[in-house]
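**Student:** So that you have it, the file is upload_37.txt, and it contains compact mmCIF, C-alpha atoms:
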```
# COMPACT_ATOMS: atom_id res chain seq x y z
CA MET A 9 142.29 123.75 101.47
CA CYS A 10 140.89 126.24 104.00
CA ILE A 11 139.78 125.20 107.48
CA LYS A 12 136.43 123.44 107.22
CA PRO A 13 133.69 125.36 109.11
CA PHE A 14 132.52 123.59 112.23
CA ASN A 15 128.87 123.59 111.11
CA GLU A 16 129.87 121.40 108.16
CA VAL A 17 131.85 119.05 110.39
CA GLU A 18 129.07 118.84 112.96
CA ILE A 19 126.49 117.62 110.45
CA VAL A 20 128.67 114.68 109.42
CA LEU A 21 129.93 113.76 112.90
CA ASN A 22 126.52 113.99 114.54
CA ASN A 23 126.81 112.49 118.06
CA SER A 24 130.62 112.49 117.99
CA ALA A 25 130.79 116.26 117.36
CA SER A 26 131.31 117.07 121.05
CA ALA A 27 134.32 114.71 121.13
CA TRP A 28 135.74 116.52 118.09
CA ILE A 29 135.29 119.89 119.83
CA LYS A 30 137.17 118.75 122.93
CA LEU A 31 140.02 117.06 121.08
CA VAL A 32 140.57 119.69 118.39
CA GLY A 33 140.04 122.42 120.97
CA TYR A 34 142.74 120.90 123.18
CA ILE A 35 145.21 120.77 120.30
CA ARG A 36 144.52 124.31 119.10
CA THR A 37 144.77 125.67 122.62
CA ASN A 38 147.87 123.82 123.81
CA TYR A 39 149.94 123.33 120.66
CA ILE A 40 151.36 125.61 118.00
CA MET A 41 150.60 123.59 114.85
CA ASP A 42 149.94 124.05 111.17
CA GLU A 43 146.61 122.64 110.03
CA HIS A 44 146.22 120.87 106.72
CA TRP A 45 142.76 119.96 105.41
CA ASN A 46 141.96 118.06 102.25
CA ASP A 47 138.69 117.64 100.37
CA LYS A 48 138.21 114.11 101.76
CA GLY A 49 137.63 115.29 105.31
CA GLU A 50 141.18 114.78 106.57
CA LEU A 51 142.69 117.19 109.09
CA LYS A 52 146.41 116.90 109.80
CA PHE A 53 148.20 118.80 112.58
CA LYS A 54 151.87 119.31 111.69
CA ARG A 55 154.88 121.28 112.84
CA SER A 56 158.19 121.45 110.94
CA LYS A 57 157.13 118.59 108.65
CA LYS A 58 156.42 116.34 111.64
CA THR A 59 152.83 115.19 112.11
CA LEU A 60 151.31 115.21 115.58
CA VAL A 61 148.02 113.56 114.64
CA THR A 62 145.68 113.10 111.70
CA LEU A 63 141.89 113.09 112.04
CA TYR A 64 139.56 111.56 109.45
CA ILE A 65 135.91 112.63 109.40
CA ARG A 66 133.45 109.77 108.84
CA ASP A 67 129.68 109.43 109.12
CA ASN A 68 128.80 109.68 112.82
CA TYR A 69 132.41 109.29 114.02
CA PHE A 70 136.01 110.27 113.30
CA VAL A 71 139.28 108.38 113.21
CA PHE A 72 142.28 109.44 115.30
CA LEU A 73 145.59 108.40 113.70
CA ILE A 74 148.74 108.69 115.76
CA ILE A 75 152.09 107.07 114.98
CA PHE A 76 154.39 106.05 117.83
CA GLY A 77 158.09 105.60 117.22
CA LYS A 78 160.32 103.41 119.38
CA GLN A 79 160.70 105.91 122.24
CA GLU A 80 156.99 106.75 122.29
CA ARG A 81 156.09 103.06 122.41
CA ALA A 82 158.41 102.59 125.37
CA THR A 83 156.79 105.52 127.18
CA PHE A 84 153.28 104.24 126.41
CA GLU A 85 154.13 100.77 127.69
CA GLU A 86 155.43 102.26 130.95
CA MET A 87 152.03 103.98 131.33
CA VAL A 88 149.94 101.06 130.14
CA SER A 89 147.97 100.84 133.39
CA ARG A 90 146.61 104.35 132.79
CA PHE A 91 144.83 103.40 129.57
CA PRO A 92 141.48 101.63 129.14
CA GLU A 93 141.09 98.30 127.37
CA TYR A 94 139.58 100.03 124.32
CA ILE A 95 142.83 101.92 123.67
CA LEU A 96 145.06 98.97 124.59
CA ASN A 97 143.28 96.76 122.04
CA TYR A 98 144.10 99.26 119.30
CA TYR A 99 147.70 99.44 120.49
CA GLU A 100 148.13 95.66 120.46
CA SER A 101 146.43 95.12 117.09
CA SER A 102 148.07 98.01 115.21
CA LYS A 103 150.87 97.25 112.76
CA THR A 104 154.39 98.53 113.25
CA TYR A 105 156.24 99.78 110.17
CA HIS A 106 159.72 101.24 109.70
CA ASP A 107 158.52 104.65 110.91
CA GLY A 108 156.50 103.42 113.89
CA LYS A 109 153.24 101.89 115.09
CA TRP A 110 150.23 103.27 113.20
CA MET A 111 147.11 103.42 115.39
CA PHE A 112 143.78 104.22 113.74
CA ILE A 113 141.37 104.73 116.64
CA ASP A 114 137.63 105.17 116.05
CA VAL A 115 136.13 107.98 118.15
CA ARG A 116 132.33 107.87 118.52
CA ASN A 117 131.86 109.83 121.76
CA GLU A 118 133.77 111.63 124.51
CA GLU A 119 134.50 108.52 126.58
CA PHE A 120 138.16 108.14 125.61
CA ILE A 121 139.14 111.76 124.91
CA ASP A 122 141.32 111.96 128.03
CA SER A 123 143.23 108.87 126.86
CA LEU A 124 143.73 110.34 123.39
CA ILE A 125 145.07 113.53 124.94
CA LYS A 126 147.55 111.46 126.98
CA MET A 127 148.68 109.86 123.72
CA LEU A 128 149.17 113.29 122.16
CA ASN A 129 151.32 114.28 125.13
CA ILE A 130 153.43 111.16 124.68
CA LYS A 131 153.91 112.02 121.03
CA LYS A 132 154.81 115.63 121.80
CA SER A 133 154.54 117.82 124.88
CA PRO A 134 152.35 120.92 124.48
CA ASN A 135 154.48 123.66 122.94
CA ARG A 136 152.35 126.70 123.69
CA LYS A 137 153.49 128.66 126.73
CA LYS A 138 151.08 128.34 129.64
CA GLU A 139 151.19 132.05 130.39
CA GLY A 140 149.65 132.62 126.96
CA LEU A 141 146.54 130.59 127.83
CA SER A 142 144.95 132.92 130.36
CA LYS A 143 142.72 134.48 127.69
CA ALA A 144 142.47 131.50 125.36
CA LEU A 145 138.98 131.00 123.95
CA LEU A 146 137.58 128.85 121.20
CA GLY A 147 134.69 130.01 119.08
CA LYS A 148 132.01 127.74 117.63
CA CYS A 149 134.09 127.69 114.43
CA GLY A 150 136.78 125.81 116.36
CA ASN A 151 139.36 128.58 116.01
CA ARG A 152 140.98 130.40 118.89
CA CYS A 153 139.25 133.79 119.10
CA ASP A 154 142.21 135.40 120.83
CA LEU A 155 144.52 134.52 117.90
CA CYS A 156 142.11 134.90 114.98
CA LEU A 157 142.97 137.68 112.53
CA LEU A 158 139.39 137.81 111.30
CA TYR A 159 138.05 138.51 114.78
CA GLU A 160 136.94 142.13 115.00
CA LYS A 161 138.31 142.80 118.48
CA ASN A 162 141.81 141.86 117.35
CA ASN A 163 141.82 144.41 114.53
CA ILE A 164 140.11 147.57 115.73
CA TYR A 165 142.39 150.60 115.68
CA LYS A 166 141.74 153.98 117.26
CA LYS A 167 140.40 155.37 113.99
CA GLY A 168 138.14 152.38 113.52
CA ASN A 169 140.05 150.96 110.56
CA LEU A 170 139.80 147.20 110.25
CA ILE A 171 143.13 146.79 108.51
CA PHE A 172 143.41 143.05 108.20
CA GLN A 173 139.84 142.42 107.08
CA LYS A 174 140.03 145.01 104.32
CA GLY A 175 143.29 143.53 103.09
CA ASP A 176 141.85 140.03 103.26
CA TYR A 177 138.84 141.10 101.19
CA LYS A 178 140.98 142.73 98.51
CA CYS A 179 143.40 139.81 98.35
CA TYR A 180 141.03 136.87 98.34
CA HIS A 181 137.55 138.05 97.47
CA SER A 182 137.54 141.10 95.22
CA GLU A 183 141.03 141.85 94.06
CA LYS A 184 140.03 144.12 91.15
CA SER A 185 137.17 145.88 92.88
CA GLU A 186 137.53 149.20 94.65
CA ASP A 187 134.16 148.70 96.30
CA GLU A 188 134.71 147.59 99.89
CA SER A 189 131.05 147.66 100.83
CA ASN A 190 130.96 143.88 101.23
CA TYR A 191 134.22 143.29 103.08
CA SER A 192 132.38 143.35 106.41
CA ASN A 193 130.85 139.99 105.47
CA PHE A 194 134.22 138.45 106.30
CA ILE A 195 134.59 140.07 109.71
CA CYS A 196 133.90 137.84 112.70
CA LYS A 197 131.91 139.61 115.38
CA GLY A 198 132.59 136.82 117.88
CA CYS A 199 130.34 134.19 119.42
CA HIS A 200 127.46 134.95 121.72
CA ASP A 201 128.35 135.11 125.39
CA ASP A 202 126.28 131.98 126.07
CA CYS A 203 127.97 129.89 123.35
CA ILE A 204 128.57 126.44 124.88
CA PHE A 205 131.48 125.74 122.57
CA LYS A 206 133.25 128.87 123.76
CA GLU A 207 132.67 128.01 127.42
CA MET A 208 133.88 124.42 126.99
CA ALA A 209 137.21 125.63 125.71
CA LYS A 210 137.89 128.31 128.30
CA TYR A 211 141.22 127.90 130.11
CA GLU A 212 142.24 129.74 133.22
```
What does this structure look like when you write it as structure tokens?

**Tutor:**
Amino acid sequence: MCIKPFNEVEIVLNNSASAWIKLVGYIRTNYIMDEHWNDKGELKFKRSKKTLVTLYIRDNYFVFLIIFGKQERATFEEMVSRFPEYILNYYESSKTYHDGKWMFIDVRNEEFIDSLIKMLNIKKSPNRKKEGLSKALLGKCGNRCDLCLLYEKNNIYKKGNLIFQKGDYKCYHSEKSEDESNYSNFICKGCHDDCIFKEMAKYE
């Protein structure tokens, strides 16, 4: 399934939408991951068949699922003083299976986002090179503008040909049609300069 547009996610999450923006924005900016959506509102971040985290969209909140193996549990327990009681309660009450401790953490606001990010870092260190973050920006859609192949500024050639967008239109939207008059509907012009989502995800 394609990436779910943020405006659809925002309606369901309501007051927890800003927490989603910060957490998903952090992952997309600091990790190189494949994203897998399903039609039940589940977003899984994976790399080489190994899952970093799974997020489940619910009414007015989302669930953060992370699985800690033996080494990750040892690291977490060494850092236990750095985590609030809310997170520790989930850690203590979560079941441990053959593949690790499964923690389903409800996220209703931004209060514990920093703790969740620490847990991500225990699971896996960020794998995107820091020097590549100087121009990193997230659009309201939740995608990184600087990496997006549908973003106009990434595809303008000297002759003005928008190569990728035209190919995308032919491949996915109108394969048999020679009329490209509508392909521009799939070109992203970029967010407005005053977009708060873009500013929140700016890294220097």

**Student:** Pick out the residues sitting within 10 Å of Glu18 of chain A, and hand them over as a ChimeraX atom specification; count only C-alpha atoms, and ignore anything fewer than 4 positions along from it in its own chain.

**Tutor:** /A:13-14,22-26,28-29,65,68

**Student:** As an exercise, work out the distance from atom CA of Arg136 of chain A to atom CA of Phe84 of chain A in Å and give it to one decimal place.

**Tutor:**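 Distance between the two atoms: 22.6 Å.
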
**Student:** As lines of an AutoDock Vina configuration file, please: the centre and edge lengths in Å, to one decimal, of an axis-aligned box enclosing every listed atom of segment 11-26 of chain A with 6 Å added on each side.

**Tutor:**
```
center_x = 133.1
center_y = 118.9
center_z = 114.1
size_x = 25.3
size_y = 24.9
size_z = 25.8
```

**Student:** From the options A:Ala82, A:Ile35, A:Cys196, A:Ala27, which residue's atoms come nearest to Val61 of chain A, counting only C-alpha atoms?

**Tutor:**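 The closest residue to Val61 of chain A is A:Ile35.
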
**Student:** To one decimal place, how far is atom CA of Pro92 of chain A from atom CA of Ser123 of chain A in Å?

**Tutor:**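 These atoms are spaced 7.8 Å apart.
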
**Student:** Mind checking which residues fall within 10 Å of Arg81 of chain A, counting all atoms listed in the file, ignoring those fewer than 2 positions away in the same chain, and posting them as JSON, numbers by chain?

**Tutor:** {"A": [75, 76, 77, 78, 79, 83, 84, 85, 86, 87, 99, 108, 109, 130, 131]}

**Student:** I'd like the interatomic distance between atom CA of Ala144 of chain A and atom CA of Phe72 of chain A, to a tenth of an Å.

**Tutor:**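 Atom CA of Phe72 of chain A lies 24.2 Å from atom CA of Ala144 of chain A.
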
**Student:** My list of candidates is A:Val88, A:Leu21, A:Cys199, A:Met41. Which is closest to Leu146 of chain A when distances are computed with only C-alpha atoms?

**Tutor:**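 So, comparing all the options, the nearest one is A:Cys199.
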
**Student:** Closest to Pro134 of chain A among A:His44, A:Arg66, A:Arg152, A:Arg36, using all atoms listed in the file?

**Tutor:**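 Going through A:His44, A:Arg66, A:Arg152, A:Arg36 one by one, the smallest distance to Pro134 of chain A is for A:Arg36.
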
**Student:** With distances taken over only C-alpha atoms, which residue among A:Lys161, A:Arg116, A:Lys137, A:Leu155 lies nearest Asp67 of chain A?

**Tutor:** A:Arg116

**Student:** Between A:Glu93, A:Glu16, A:Asp47, A:Asp42, which one has atoms that come closest to Thr59 of chain A, using all atoms listed in the file?

**Tutor:**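 Closest to Thr59 of chain A of all the choices is A:Asp42.
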
**Student:** For Asn129 of chain A, which of A:Asn38, A:Tyr94, A:Leu63, A:Val32 is the closest residue, counting all atoms listed in the file?

**Tutor:**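 Distance minimum relative to Asn129 of chain A lands on A:Asn38.
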